[in-house]
$ cat start_38.txt   # compact mmCIF, C-alpha atoms
# COMPACT_ATOMS: atom_id res chain seq x y z
CA MET A 1 0.00 0.00 0.00
CA LEU A 2 1.26 3.44 -0.89
CA ARG A 3 1.90 5.76 2.00
CA LEU A 4 3.04 9.33 1.91
CA ARG A 5 6.31 10.01 3.67
CA PRO A 6 7.01 13.09 5.84
CA ALA A 7 8.88 15.03 3.18
CA ASP A 8 6.07 14.38 0.68
CA LEU A 9 3.63 16.19 2.93
CA VAL A 10 6.04 19.05 3.53
CA ILE A 11 6.64 19.48 -0.19
CA LEU A 12 2.90 19.27 -0.93
CA LEU A 13 2.10 21.85 1.75
CA ILE A 14 4.80 24.29 0.63
CA THR A 15 3.59 24.03 -2.95
CA ILE A 16 -0.04 24.61 -2.01
CA VAL A 17 0.86 27.60 0.17
CA ILE A 18 2.93 29.22 -2.60
CA ILE A 19 0.25 28.63 -5.23
CA THR A 20 -2.49 29.98 -2.98
CA GLY A 21 -0.42 33.04 -2.12
CA LEU A 22 0.38 33.72 -5.76
CA SER A 23 -3.22 33.24 -6.86
CA VAL A 24 -4.56 35.56 -4.20
CA SER A 25 -2.03 38.27 -4.98
CA ILE A 26 -2.64 37.99 -8.71
CA TYR A 27 -6.41 37.54 -8.91
CA GLY A 28 -7.57 38.70 -5.52
CA ARG A 29 -7.50 42.42 -6.18
CA THR A 30 -10.94 43.90 -6.35
CA GLY A 31 -11.93 46.55 -8.81
CA GLU A 32 -14.35 47.11 -11.60
CA ALA A 33 -13.27 45.80 -14.94
CA SER A 34 -12.86 48.94 -16.96
CA GLN A 35 -10.20 48.74 -19.58
CA VAL A 36 -8.73 46.35 -22.09
CA ARG A 37 -4.98 46.22 -22.45
CA ILE A 38 -3.72 44.74 -25.71
CA GLU A 39 -0.10 43.95 -26.33
CA GLY A 40 1.29 42.92 -29.70
CA SER A 41 4.42 43.30 -31.77
CA GLY A 42 6.11 45.20 -28.98
CA GLN A 43 3.34 47.80 -28.82
CA GLU A 44 0.59 48.36 -26.34
CA TRP A 45 -2.94 49.70 -26.62
CA ILE A 46 -5.54 50.44 -23.99
CA TYR A 47 -9.26 50.55 -24.83
CA PRO A 48 -12.22 51.37 -22.59
CA LEU A 49 -14.38 48.33 -21.89
CA ASP A 50 -17.67 50.23 -22.03
CA GLN A 51 -17.22 51.40 -25.58
CA ASP A 52 -17.85 48.93 -28.38
CA SER A 53 -15.00 48.61 -30.83
CA TRP A 54 -13.55 46.31 -33.44
CA ILE A 55 -9.76 46.42 -33.35
CA HIS A 56 -7.20 45.07 -35.80
CA ILE A 57 -3.94 44.24 -34.04
CA PRO A 58 -1.02 43.68 -36.40
CA GLY A 59 1.19 40.65 -35.70
CA PRO A 60 3.89 38.72 -37.49
CA LEU A 61 1.34 36.48 -39.21
CA GLY A 62 -1.24 39.14 -40.01
CA ASP A 63 -4.07 40.79 -38.12
CA THR A 64 -5.74 39.59 -34.95
CA GLU A 65 -9.26 41.00 -34.66
CA VAL A 66 -10.26 41.88 -31.14
CA VAL A 67 -13.88 42.78 -30.50
CA ILE A 68 -15.16 44.75 -27.51
CA GLU A 69 -18.93 44.49 -27.24
CA GLU A 70 -21.24 45.33 -24.33
CA GLY A 71 -18.43 45.14 -21.78
CA LYS A 72 -17.17 41.83 -23.05
CA VAL A 73 -14.14 40.99 -25.12
CA HIS A 74 -13.36 38.22 -27.58
CA VAL A 75 -11.05 37.53 -30.49
CA HIS A 76 -13.18 37.36 -33.63
CA ASP A 77 -10.46 36.03 -35.89
CA SER A 78 -6.70 35.79 -36.01
CA ALA A 79 -4.14 35.05 -38.68
CA CYS A 80 -2.78 32.09 -36.76
CA ARG A 81 -3.12 28.40 -37.48
CA ASN A 82 -4.65 26.95 -34.33
CA LYS A 83 -7.18 29.71 -33.51
CA ILE A 84 -6.81 28.99 -29.83
CA CYS A 85 -7.37 32.67 -29.12
CA VAL A 86 -10.71 32.50 -30.95
CA THR A 87 -11.84 29.36 -29.14
CA THR A 88 -10.89 30.90 -25.79
CA GLY A 89 -14.21 32.71 -26.11
CA ILE A 90 -15.48 35.71 -24.20
CA ILE A 91 -13.77 37.39 -21.24
CA GLU A 92 -15.32 40.07 -19.04
CA ARG A 93 -13.71 40.16 -15.58
CA VAL A 94 -10.51 41.74 -14.27
CA GLY A 95 -7.56 39.43 -14.71
CA GLN A 96 -9.04 37.37 -17.51
CA TRP A 97 -6.97 37.14 -20.64
CA ILE A 98 -6.79 35.85 -24.17
CA ILE A 99 -3.54 35.00 -25.79
CA CYS A 100 -2.42 34.32 -29.34
CA LEU A 101 1.14 33.08 -29.09
CA PRO A 102 1.76 32.53 -32.83
CA ASN A 103 0.69 36.05 -33.66
CA ASP A 104 2.22 37.56 -30.51
CA VAL A 105 -0.98 39.19 -29.24
CA PHE A 106 -1.99 39.38 -25.60
CA VAL A 107 -5.35 40.76 -24.47
CA ARG A 108 -6.35 41.26 -20.87
CA ILE A 109 -8.96 43.09 -18.82
CA GLU A 110 -7.85 45.46 -16.10
CA GLY A 111 -9.29 47.67 -13.43
CA ALA A 112 -9.03 51.40 -13.91
CA LEU A 113 -6.05 52.22 -11.73
CA GLU A 114 -3.70 49.41 -12.63
CA THR A 115 -0.28 50.35 -13.74
CA GLU A 116 2.41 48.32 -15.37
CA GLY A 117 4.37 46.29 -12.85
CA GLU A 118 1.72 46.02 -10.20
CA VAL A 119 1.29 42.27 -10.50
CA ASP A 120 4.96 41.75 -10.04
CA ASP A 121 5.24 44.11 -7.09
CA VAL A 122 2.53 42.25 -5.23
CA ALA A 123 3.63 38.76 -6.15
CA PHE A 124 7.30 39.17 -5.36
CA MET B 1 23.92 -5.88 -13.21
CA SER B 2 26.14 -3.94 -10.89
CA PRO B 3 25.98 -0.63 -9.03
CA SER B 4 27.85 2.63 -9.61
CA ASP B 5 31.53 3.24 -10.43
CA HIS B 6 31.05 0.94 -13.37
CA PRO B 7 30.84 1.69 -17.06
CA VAL B 8 27.70 3.57 -18.07
CA ARG B 9 24.88 1.10 -18.68
CA VAL B 10 24.07 2.45 -22.10
CA ARG B 11 21.30 -0.04 -22.72
CA ASP B 12 19.39 0.89 -19.59
CA VAL B 13 19.76 4.59 -20.32
CA ALA B 14 18.65 4.07 -23.92
CA LEU B 15 15.65 2.05 -22.81
CA LEU B 16 14.54 4.72 -20.33
CA ALA B 17 15.15 7.50 -22.86
CA ALA B 18 13.05 5.62 -25.40
CA PHE B 19 10.38 5.17 -22.74
CA ALA B 20 10.46 8.91 -22.03
CA LEU B 21 10.01 9.75 -25.71
CA PHE B 22 7.24 7.20 -26.05
CA LEU B 23 5.39 8.77 -23.11
CA SER B 24 6.08 12.19 -24.56
CA THR B 25 4.39 11.15 -27.79
CA ILE B 26 1.43 9.74 -25.90
CA GLU B 27 1.14 13.02 -24.02
CA TYR B 28 1.33 14.93 -27.30
CA VAL B 29 -1.87 13.31 -28.60
CA ILE B 30 -3.88 13.93 -25.42
CA PRO B 31 -6.01 17.04 -25.95
CA LYS B 32 -5.50 19.82 -23.42
CA PRO B 33 -7.39 23.03 -22.75
CA LEU B 34 -4.24 25.06 -23.38
CA PRO B 35 -1.38 23.83 -25.53
CA TYR B 36 1.21 24.91 -23.01
CA MET B 37 -0.22 22.88 -20.18
CA ARG B 38 1.67 19.68 -19.63
CA ILE B 39 0.99 16.46 -17.80
CA GLY B 40 4.66 15.58 -17.76
CA LEU B 41 4.20 11.89 -18.48
CA ALA B 42 7.79 11.61 -19.72
CA ASN B 43 8.97 12.38 -16.22
CA LEU B 44 7.91 8.90 -15.22
CA ALA B 45 11.02 7.67 -17.02
CA ILE B 46 13.10 10.35 -15.30
CA MET B 47 11.80 9.28 -11.89
CA ILE B 48 12.63 5.66 -12.62
CA GLY B 49 16.09 6.90 -13.62
CA ILE B 50 16.50 8.70 -10.31
CA GLY B 51 15.84 5.44 -8.51
CA CYS B 52 18.20 3.17 -10.35
CA LEU B 53 20.78 5.11 -12.35
CA THR B 54 24.11 6.62 -11.38
CA MET B 55 24.63 10.37 -11.64
CA LYS B 56 26.37 10.02 -15.02
CA GLU B 57 23.66 7.78 -16.45
CA TYR B 58 20.93 10.04 -15.10
CA SER B 59 22.49 13.13 -16.72
CA LEU B 60 22.69 11.28 -20.01
CA LEU B 61 19.04 10.28 -19.71
CA VAL B 62 17.96 13.87 -19.04
CA ILE B 63 19.93 15.22 -22.01
CA LEU B 64 18.48 12.53 -24.28
CA LYS B 65 14.97 13.33 -23.10
CA ILE B 66 15.37 17.06 -23.73
CA LEU B 67 16.94 16.64 -27.18
CA GLY B 68 14.56 13.84 -28.13
CA GLN B 69 11.51 15.90 -27.24
CA GLY B 70 12.91 18.82 -29.19
CA VAL B 71 13.25 16.65 -32.29
CA LEU B 72 9.96 14.86 -31.75
CA HIS B 73 7.91 18.04 -31.40
CA GLY B 74 9.93 19.97 -33.94
CA THR B 75 10.81 22.65 -31.42
CA LEU B 76 14.54 21.99 -31.23
CA PHE B 77 15.51 25.16 -33.09
CA SER B 78 12.72 27.43 -31.90
CA TYR B 79 12.44 29.55 -28.80
CA ILE B 80 9.95 27.04 -27.39
CA PHE B 81 12.91 24.74 -26.91
CA LEU B 82 14.27 27.16 -24.30
CA PHE B 83 11.18 26.52 -22.21
CA SER B 84 11.56 22.79 -22.54
CA LEU B 85 15.27 23.03 -21.71
CA GLY B 86 14.77 25.30 -18.70
CA GLY B 87 11.87 23.29 -17.31
CA SER B 88 13.41 19.86 -17.80
CA LEU B 89 16.87 20.78 -16.52
CA SER B 90 15.68 22.59 -13.41
CA SER B 91 13.21 19.86 -12.45
CA ALA B 92 15.74 17.10 -13.15
CA VAL B 93 18.28 18.74 -10.85
CA VAL B 94 15.77 19.46 -8.09
CA MET B 95 14.31 15.95 -8.20
CA LEU B 96 17.74 14.32 -8.01
CA LEU B 97 18.89 16.58 -5.16
CA LEU B 98 15.71 15.90 -3.16
CA TYR B 99 16.01 12.17 -3.69
CA ARG B 100 19.69 12.04 -2.77
CA SER B 101 19.35 14.26 0.31
CA LEU B 102 16.07 12.96 1.75
CA ARG B 103 16.36 9.29 0.82
CA ASN B 104 13.70 7.30 2.69
CA ARG B 105 11.93 10.35 4.03
CA VAL B 106 10.57 11.18 0.60
CA SER B 107 8.69 9.11 -1.99
CA MET B 108 8.18 9.73 -5.69
CA VAL B 109 5.03 11.67 -4.79
CA GLY B 110 7.02 14.50 -3.21
CA ILE B 111 9.73 14.28 -5.86
CA SER B 112 7.16 14.53 -8.63
CA ILE B 113 5.35 17.51 -7.08
CA ALA B 114 8.58 19.41 -6.48
CA GLY B 115 9.86 18.66 -9.97
CA ALA B 116 6.69 19.83 -11.68
CA PHE B 117 6.46 22.94 -9.54
CA VAL B 118 10.05 24.01 -10.19
CA SER B 119 9.67 23.29 -13.90
CA ASN B 120 6.53 25.41 -14.11
CA ILE B 121 8.01 28.29 -12.12
CA VAL B 122 11.10 28.35 -14.33
CA GLN B 123 8.94 28.33 -17.46
CA ILE B 124 6.78 31.17 -16.16
CA LEU B 125 9.93 33.18 -15.36
CA LEU B 126 11.19 32.48 -18.90
CA ALA B 127 7.82 33.55 -20.31
CA ARG B 128 8.12 36.70 -18.25
CA MET B 129 11.55 37.51 -19.62
CA LEU B 130 11.06 36.42 -23.22
CA LEU B 131 7.42 36.92 -24.13
CA PHE B 132 4.91 38.62 -21.95
CA GLY B 133 6.65 40.69 -19.31
CA GLN B 134 4.82 41.11 -16.02
CA ALA B 135 1.62 39.74 -17.52
CA ALA B 136 3.11 36.24 -17.43
CA TRP B 137 2.05 36.03 -13.79
CA LEU B 138 -1.59 36.17 -14.82
CA ILE B 139 -1.15 32.81 -16.48
CA ALA B 140 0.69 31.33 -13.51
CA PRO B 141 -2.09 30.02 -11.21
CA PRO B 142 -3.91 27.73 -13.68
CA PHE B 143 -0.58 26.32 -14.82
CA LEU B 144 0.67 25.70 -11.31
CA ILE B 145 -2.61 24.16 -10.13
CA THR B 146 -2.99 21.76 -13.05
CA GLY B 147 0.71 20.97 -12.74
CA LEU B 148 0.25 20.12 -9.07
CA ALA B 149 -2.70 17.82 -9.76
CA ALA B 150 -0.97 16.06 -12.64
CA SER B 151 2.31 15.62 -10.75
CA LEU B 152 0.51 14.28 -7.70
CA LEU B 153 -1.15 11.52 -9.74
CA LEU B 154 2.03 10.81 -11.66
CA GLY B 155 4.00 10.61 -8.41
CA PHE B 156 1.61 8.05 -6.94
CA PHE B 157 1.81 6.02 -10.11
CA ALA B 158 5.61 6.20 -10.21
CA GLN B 159 5.94 5.16 -6.58
CA GLY B 160 3.62 2.20 -7.00
CA PHE B 161 5.29 1.18 -10.21
CA MET B 162 8.78 1.38 -8.77
CA GLU B 163 7.87 -0.67 -5.72
CA ARG B 164 6.55 -3.48 -7.89
CA SER B 165 8.88 -3.52 -10.88
CA ARG B 166 11.41 -6.35 -10.84
CA TRP B 167 13.31 -4.73 -13.67
CA ILE B 168 13.95 -1.70 -11.47
CA ALA B 169 14.74 -3.80 -8.40
CA SER B 170 17.41 -5.68 -10.33
CA ARG B 171 19.05 -2.40 -11.25
CA MET B 172 19.02 -0.66 -7.89
CA PRO B 173 22.46 0.14 -6.49
CA GLY B 174 23.40 -2.71 -4.20
CA SER B 175 21.51 -5.47 -5.97
CA SER B 176 23.42 -8.18 -7.75
$ encode --input "start_38.txt" --output "structure tokens"
Amino acid sequence: MLRLRPADLVILLITIVIITGLSVSIYGRTGEASQVRIEGSGQEWIYPLDQDSWIHIPGPLGDTEVVIEEGKVHVHDSACRNKICVTTGIIERVGQWIICLPNDVFVRIEGALETEGEVDDVAF
Amino acid sequence: MSPSDHPVRVRDVALLAAFALFLSTIEYVIPKPLPYMRIGLANLAIMIGIGCLTMKEYSLLVILKILGQGVLHGTLFSYIFLFSLGGSLSSAVVMLLLYRSLRNRVSMVGISIAGAFVSNIVQILLARMLLFGQAAWLIAPPFLITGLAASLLLGFFAQGFMERSRWIASRMPGSS
């Protein structure tokens, strides 16, 4: 019969504590979702979440089309092969994200007052 | 079959490396919600290696696994290979160190969890530096949680397997 040994439990506990701490510091911040930050090809754009728009983000493979509609965001189409970003579906809360690795596009929803680097400052 | 200080048992290393690549291929065909989430099946071979190989043989196994996966998945000459390299190397080192220093106080369950965790953390740090900047942390929790679950199951399986396998028993240091 398999039995856990002392160090197994210690390792398991340490891992759980670190993951919980990280998750809380990354996702736990409250705040109204209010803006959409889009990164691609070394550039960065910020769009308001409450204003519908259809955005073409240029990437190495072509355009990734990001749609903001009634406070929700999704990727309509992208010039990549797998379309994982499209199948990710709709995001609407702070901290949610959509990524298109092949076309180097990263979309995420933020609260109003977030600044670059905040996640890192809190986490580490 | 004899213990350490002897010539490298190339056949055992080759067999385990082949096993690792086989598992890697199996893992490759299992659908996952995100392509960058891993179960880490190939690490079963690495864990077996920890139990019955010498340091030299183990290093050879790890290098073969990393290169083999690079060739198998066609990522050898892309930046994705850096992630594979960083993750595999760091977890291989951590798992070996834990096993050698804790001996009977740890089973493959703990080794597996620690290995997966270190591998994931290193890959997130790489993603931070190479691809996404600070935003990489947003992706961290789901990766770490699925990694923990997968490594826990894999660790239990590895421990059970290693306790029962006669092939492994015959290759443990000290057996004749």
$ residues_around --input "start_38.txt" --residues "stretch 48-63 of chain A" --least-positions-apart "2" --cutoff "9 Å" --atoms "all atoms listed in the file" --output "ChimeraX atom specification"
/A:33-41,46,65-73,76-80,92,102-105,109
$ residues_around --input "start_38.txt" --residues "B:Lys65" --least-positions-apart "2" --cutoff "7 Å" --atoms "only C-alpha atoms" --output "PDB file with C-alpha atoms, keeping the file's coordinate frame"
ATOM      1  CA  ALA B  17      15.150   7.500 -22.860  1.00  0.00           C
ATOM      2  CA  ALA B  20      10.460   8.910 -22.030  1.00  0.00           C
ATOM      3  CA  LEU B  21      10.010   9.750 -25.710  1.00  0.00           C
ATOM      4  CA  LEU B  61      19.040  10.280 -19.710  1.00  0.00           C
ATOM      5  CA  VAL B  62      17.960  13.870 -19.040  1.00  0.00           C
ATOM      6  CA  ILE B  63      19.930  15.220 -22.010  1.00  0.00           C
ATOM      7  CA  LEU B  67      16.940  16.640 -27.180  1.00  0.00           C
ATOM      8  CA  GLY B  68      14.560  13.840 -28.130  1.00  0.00           C
ATOM      9  CA  GLN B  69      11.510  15.900 -27.240  1.00  0.00           C
TER      10      GLN B  69
END
$ interface_residues --input "start_38.txt" --of "chain B" --to "chain A" --cutoff "7 Å" --atoms "all atoms listed in the file" --output "PyMOL selection string"
chain B and resi 105-107+109-110+113-114+134+138+141+144+160
$ residues_around --input "start_38.txt" --residues "stretch 118-132 of chain B" --least-positions-apart "3" --cutoff "6 Å" --atoms "all atoms listed in the file" --output "PyMOL selection string"
chain B and resi 83+87+91+115+135-136
$ closest_residue --input "start_38.txt" --among "B:Gly40, B:Pro31, B:Gly86, B:Gly49" --to "B:Asp12" --atoms "all atoms listed in the file"
B:Gly49
$ closest_residue --input "start_38.txt" --among "B:Ala116, B:Leu96, B:Met162, B:Ile80" --to "B:Tyr58" --atoms "only C-alpha atoms"
B:Leu96
$ atom_distance --input "start_38.txt" --atom1 "atom CA of B:Phe143" --atom2 "atom CA of B:Phe22"
23.5 Å
$ residues_around --input "start_38.txt" --residues "B:Phe19" --least-positions-apart "2" --cutoff "10 Å" --atoms "all atoms listed in the file" --output "mmCIF file with C-alpha atoms, in the frame of the given file"
data_model
loop_
_atom_site.group_PDB
_atom_site.id
_atom_site.type_symbol
_atom_site.label_atom_id
_atom_site.label_comp_id
_atom_site.auth_asym_id
_atom_site.auth_seq_id
_atom_site.Cartn_x
_atom_site.Cartn_y
_atom_site.Cartn_z
ATOM 1 C CA VAL B 13 19.760 4.590 -20.320
ATOM 2 C CA ALA B 14 18.650 4.070 -23.920
ATOM 3 C CA LEU B 15 15.650 2.050 -22.810
ATOM 4 C CA LEU B 16 14.540 4.720 -20.330
ATOM 5 C CA ALA B 17 15.150 7.500 -22.860
ATOM 6 C CA LEU B 21 10.010 9.750 -25.710
ATOM 7 C CA PHE B 22 7.240 7.200 -26.050
ATOM 8 C CA LEU B 23 5.390 8.770 -23.110
ATOM 9 C CA SER B 24 6.080 12.190 -24.560
ATOM 10 C CA THR B 25 4.390 11.150 -27.790
ATOM 11 C CA ALA B 42 7.790 11.610 -19.720
ATOM 12 C CA ASN B 43 8.970 12.380 -16.220
ATOM 13 C CA LEU B 44 7.910 8.900 -15.220
ATOM 14 C CA ALA B 45 11.020 7.670 -17.020
ATOM 15 C CA ILE B 46 13.100 10.350 -15.300
ATOM 16 C CA LYS B 65 14.970 13.330 -23.100
#
$ residues_around --input "start_38.txt" --residues "B:Ser151" --least-positions-apart "3" --cutoff "6 Å" --atoms "all atoms listed in the file" --output "list of chain:residue names"
B:Ser112, B:Ile113, B:Gly147, B:Leu148, B:Leu154, B:Gly155
$ write_last_selection --input "start_38.txt" --atoms "C-alpha atoms" --output "short mmCIF file (atom, residue, chain, number, x, y, z; two decimals), in the frame of the given file"
data_model
loop_
_atom_site.label_atom_id
_atom_site.label_comp_id
_atom_site.auth_asym_id
_atom_site.auth_seq_id
_atom_site.Cartn_x
_atom_site.Cartn_y
_atom_site.Cartn_z
CA SER B 112 7.16 14.53 -8.63
CA ILE B 113 5.35 17.51 -7.08
CA GLY B 147 0.71 20.97 -12.74
CA LEU B 148 0.25 20.12 -9.07
CA LEU B 154 2.03 10.81 -11.66
CA GLY B 155 4.00 10.61 -8.41
#
$ build_atoms --input "start_38.txt" --residues "stretch 29-52 of chain A" --atoms "N, CA and C atoms" --output "PDB file, in the frame of the given file"
ATOM      1  N   ARG A  29      -7.238  40.989  -6.269  1.00  0.00           N
ATOM      2  CA  ARG A  29      -7.500  42.420  -6.180  1.00  0.00           C
ATOM      3  C   ARG A  29      -8.885  42.749  -6.691  1.00  0.00           C
ATOM      4  N   THR A  30      -9.592  43.537  -5.921  1.00  0.00           N
ATOM      5  CA  THR A  30     -10.940  43.900  -6.350  1.00  0.00           C
ATOM      6  C   THR A  30     -10.845  45.091  -7.291  1.00  0.00           C
ATOM      7  N   GLY A  31     -11.922  45.411  -7.900  1.00  0.00           N
ATOM      8  CA  GLY A  31     -11.930  46.550  -8.810  1.00  0.00           C
ATOM      9  C   GLY A  31     -12.814  46.237  -9.986  1.00  0.00           C
ATOM     10  N   GLU A  32     -13.486  47.268 -10.450  1.00  0.00           N
ATOM     11  CA  GLU A  32     -14.350  47.110 -11.600  1.00  0.00           C
ATOM     12  C   GLU A  32     -13.511  46.895 -12.843  1.00  0.00           C
ATOM     13  N   ALA A  33     -13.925  45.958 -13.656  1.00  0.00           N
ATOM     14  CA  ALA A  33     -13.270  45.800 -14.940  1.00  0.00           C
ATOM     15  C   ALA A  33     -13.563  47.040 -15.753  1.00  0.00           C
ATOM     16  N   SER A  34     -12.540  47.711 -16.249  1.00  0.00           N
ATOM     17  CA  SER A  34     -12.860  48.940 -16.960  1.00  0.00           C
ATOM     18  C   SER A  34     -12.051  49.181 -18.217  1.00  0.00           C
ATOM     19  N   GLN A  35     -10.927  48.508 -18.352  1.00  0.00           N
ATOM     20  CA  GLN A  35     -10.200  48.740 -19.580  1.00  0.00           C
ATOM     21  C   GLN A  35      -9.577  47.469 -20.138  1.00  0.00           C
ATOM     22  N   VAL A  36      -9.305  47.499 -21.413  1.00  0.00           N
ATOM     23  CA  VAL A  36      -8.730  46.350 -22.090  1.00  0.00           C
ATOM     24  C   VAL A  36      -7.320  46.718 -22.531  1.00  0.00           C
ATOM     25  N   ARG A  37      -6.355  45.950 -22.034  1.00  0.00           N
ATOM     26  CA  ARG A  37      -4.980  46.220 -22.450  1.00  0.00           C
ATOM     27  C   ARG A  37      -4.583  45.183 -23.500  1.00  0.00           C
ATOM     28  N   ILE A  38      -4.118  45.646 -24.623  1.00  0.00           N
ATOM     29  CA  ILE A  38      -3.720  44.740 -25.710  1.00  0.00           C
ATOM     30  C   ILE A  38      -2.246  44.953 -26.024  1.00  0.00           C
ATOM     31  N   GLU A  39      -1.508  43.870 -25.976  1.00  0.00           N
ATOM     32  CA  GLU A  39      -0.100  43.950 -26.330  1.00  0.00           C
ATOM     33  C   GLU A  39       0.150  43.140 -27.587  1.00  0.00           C
ATOM     34  N   GLY A  40       0.959  43.671 -28.492  1.00  0.00           N
ATOM     35  CA  GLY A  40       1.290  42.920 -29.700  1.00  0.00           C
ATOM     36  C   GLY A  40       2.408  43.593 -30.451  1.00  0.00           C
ATOM     37  N   SER A  41       3.296  42.790 -30.987  1.00  0.00           N
ATOM     38  CA  SER A  41       4.420  43.300 -31.770  1.00  0.00           C
ATOM     39  C   SER A  41       5.185  44.402 -31.023  1.00  0.00           C
ATOM     40  N   GLY A  42       5.338  44.230 -29.740  1.00  0.00           N
ATOM     41  CA  GLY A  42       6.110  45.200 -28.980  1.00  0.00           C
ATOM     42  C   GLY A  42       5.376  46.500 -28.703  1.00  0.00           C
ATOM     43  N   GLN A  43       4.107  46.591 -29.115  1.00  0.00           N
ATOM     44  CA  GLN A  43       3.340  47.800 -28.820  1.00  0.00           C
ATOM     45  C   GLN A  43       2.244  47.493 -27.823  1.00  0.00           C
ATOM     46  N   GLU A  44       1.600  48.546 -27.353  1.00  0.00           N
ATOM     47  CA  GLU A  44       0.590  48.360 -26.340  1.00  0.00           C
ATOM     48  C   GLU A  44      -0.552  49.347 -26.573  1.00  0.00           C
ATOM     49  N   TRP A  45      -1.786  48.831 -26.471  1.00  0.00           N
ATOM     50  CA  TRP A  45      -2.940  49.700 -26.620  1.00  0.00           C
ATOM     51  C   TRP A  45      -3.872  49.497 -25.430  1.00  0.00           C
ATOM     52  N   ILE A  46      -4.542  50.571 -25.042  1.00  0.00           N
ATOM     53  CA  ILE A  46      -5.540  50.440 -23.990  1.00  0.00           C
ATOM     54  C   ILE A  46      -6.879  50.961 -24.505  1.00  0.00           C
ATOM     55  N   TYR A  47      -7.927  50.137 -24.371  1.00  0.00           N
ATOM     56  CA  TYR A  47      -9.260  50.550 -24.830  1.00  0.00           C
ATOM     57  C   TYR A  47     -10.231  50.512 -23.651  1.00  0.00           C
ATOM     58  N   PRO A  48     -11.192  51.437 -23.651  1.00  0.00           N
ATOM     59  CA  PRO A  48     -12.220  51.370 -22.590  1.00  0.00           C
ATOM     60  C   PRO A  48     -13.135  50.176 -22.849  1.00  0.00           C
ATOM     61  N   LEU A  49     -13.572  49.553 -21.758  1.00  0.00           N
ATOM     62  CA  LEU A  49     -14.380  48.330 -21.890  1.00  0.00           C
ATOM     63  C   LEU A  49     -15.837  48.666 -22.219  1.00  0.00           C
ATOM     64  N   ASP A  50     -16.255  49.898 -21.854  1.00  0.00           N
ATOM     65  CA  ASP A  50     -17.670  50.230 -22.030  1.00  0.00           C
ATOM     66  C   ASP A  50     -17.971  50.854 -23.390  1.00  0.00           C
ATOM     67  N   GLN A  51     -17.010  50.798 -24.270  1.00  0.00           N
ATOM     68  CA  GLN A  51     -17.220  51.400 -25.580  1.00  0.00           C
ATOM     69  C   GLN A  51     -16.975  50.331 -26.637  1.00  0.00           C
ATOM     70  N   ASP A  52     -18.003  50.000 -27.395  1.00  0.00           N
ATOM     71  CA  ASP A  52     -17.850  48.930 -28.380  1.00  0.00           C
ATOM     72  C   ASP A  52     -16.818  49.302 -29.447  1.00  0.00           C
TER      73      ASP A  52
END
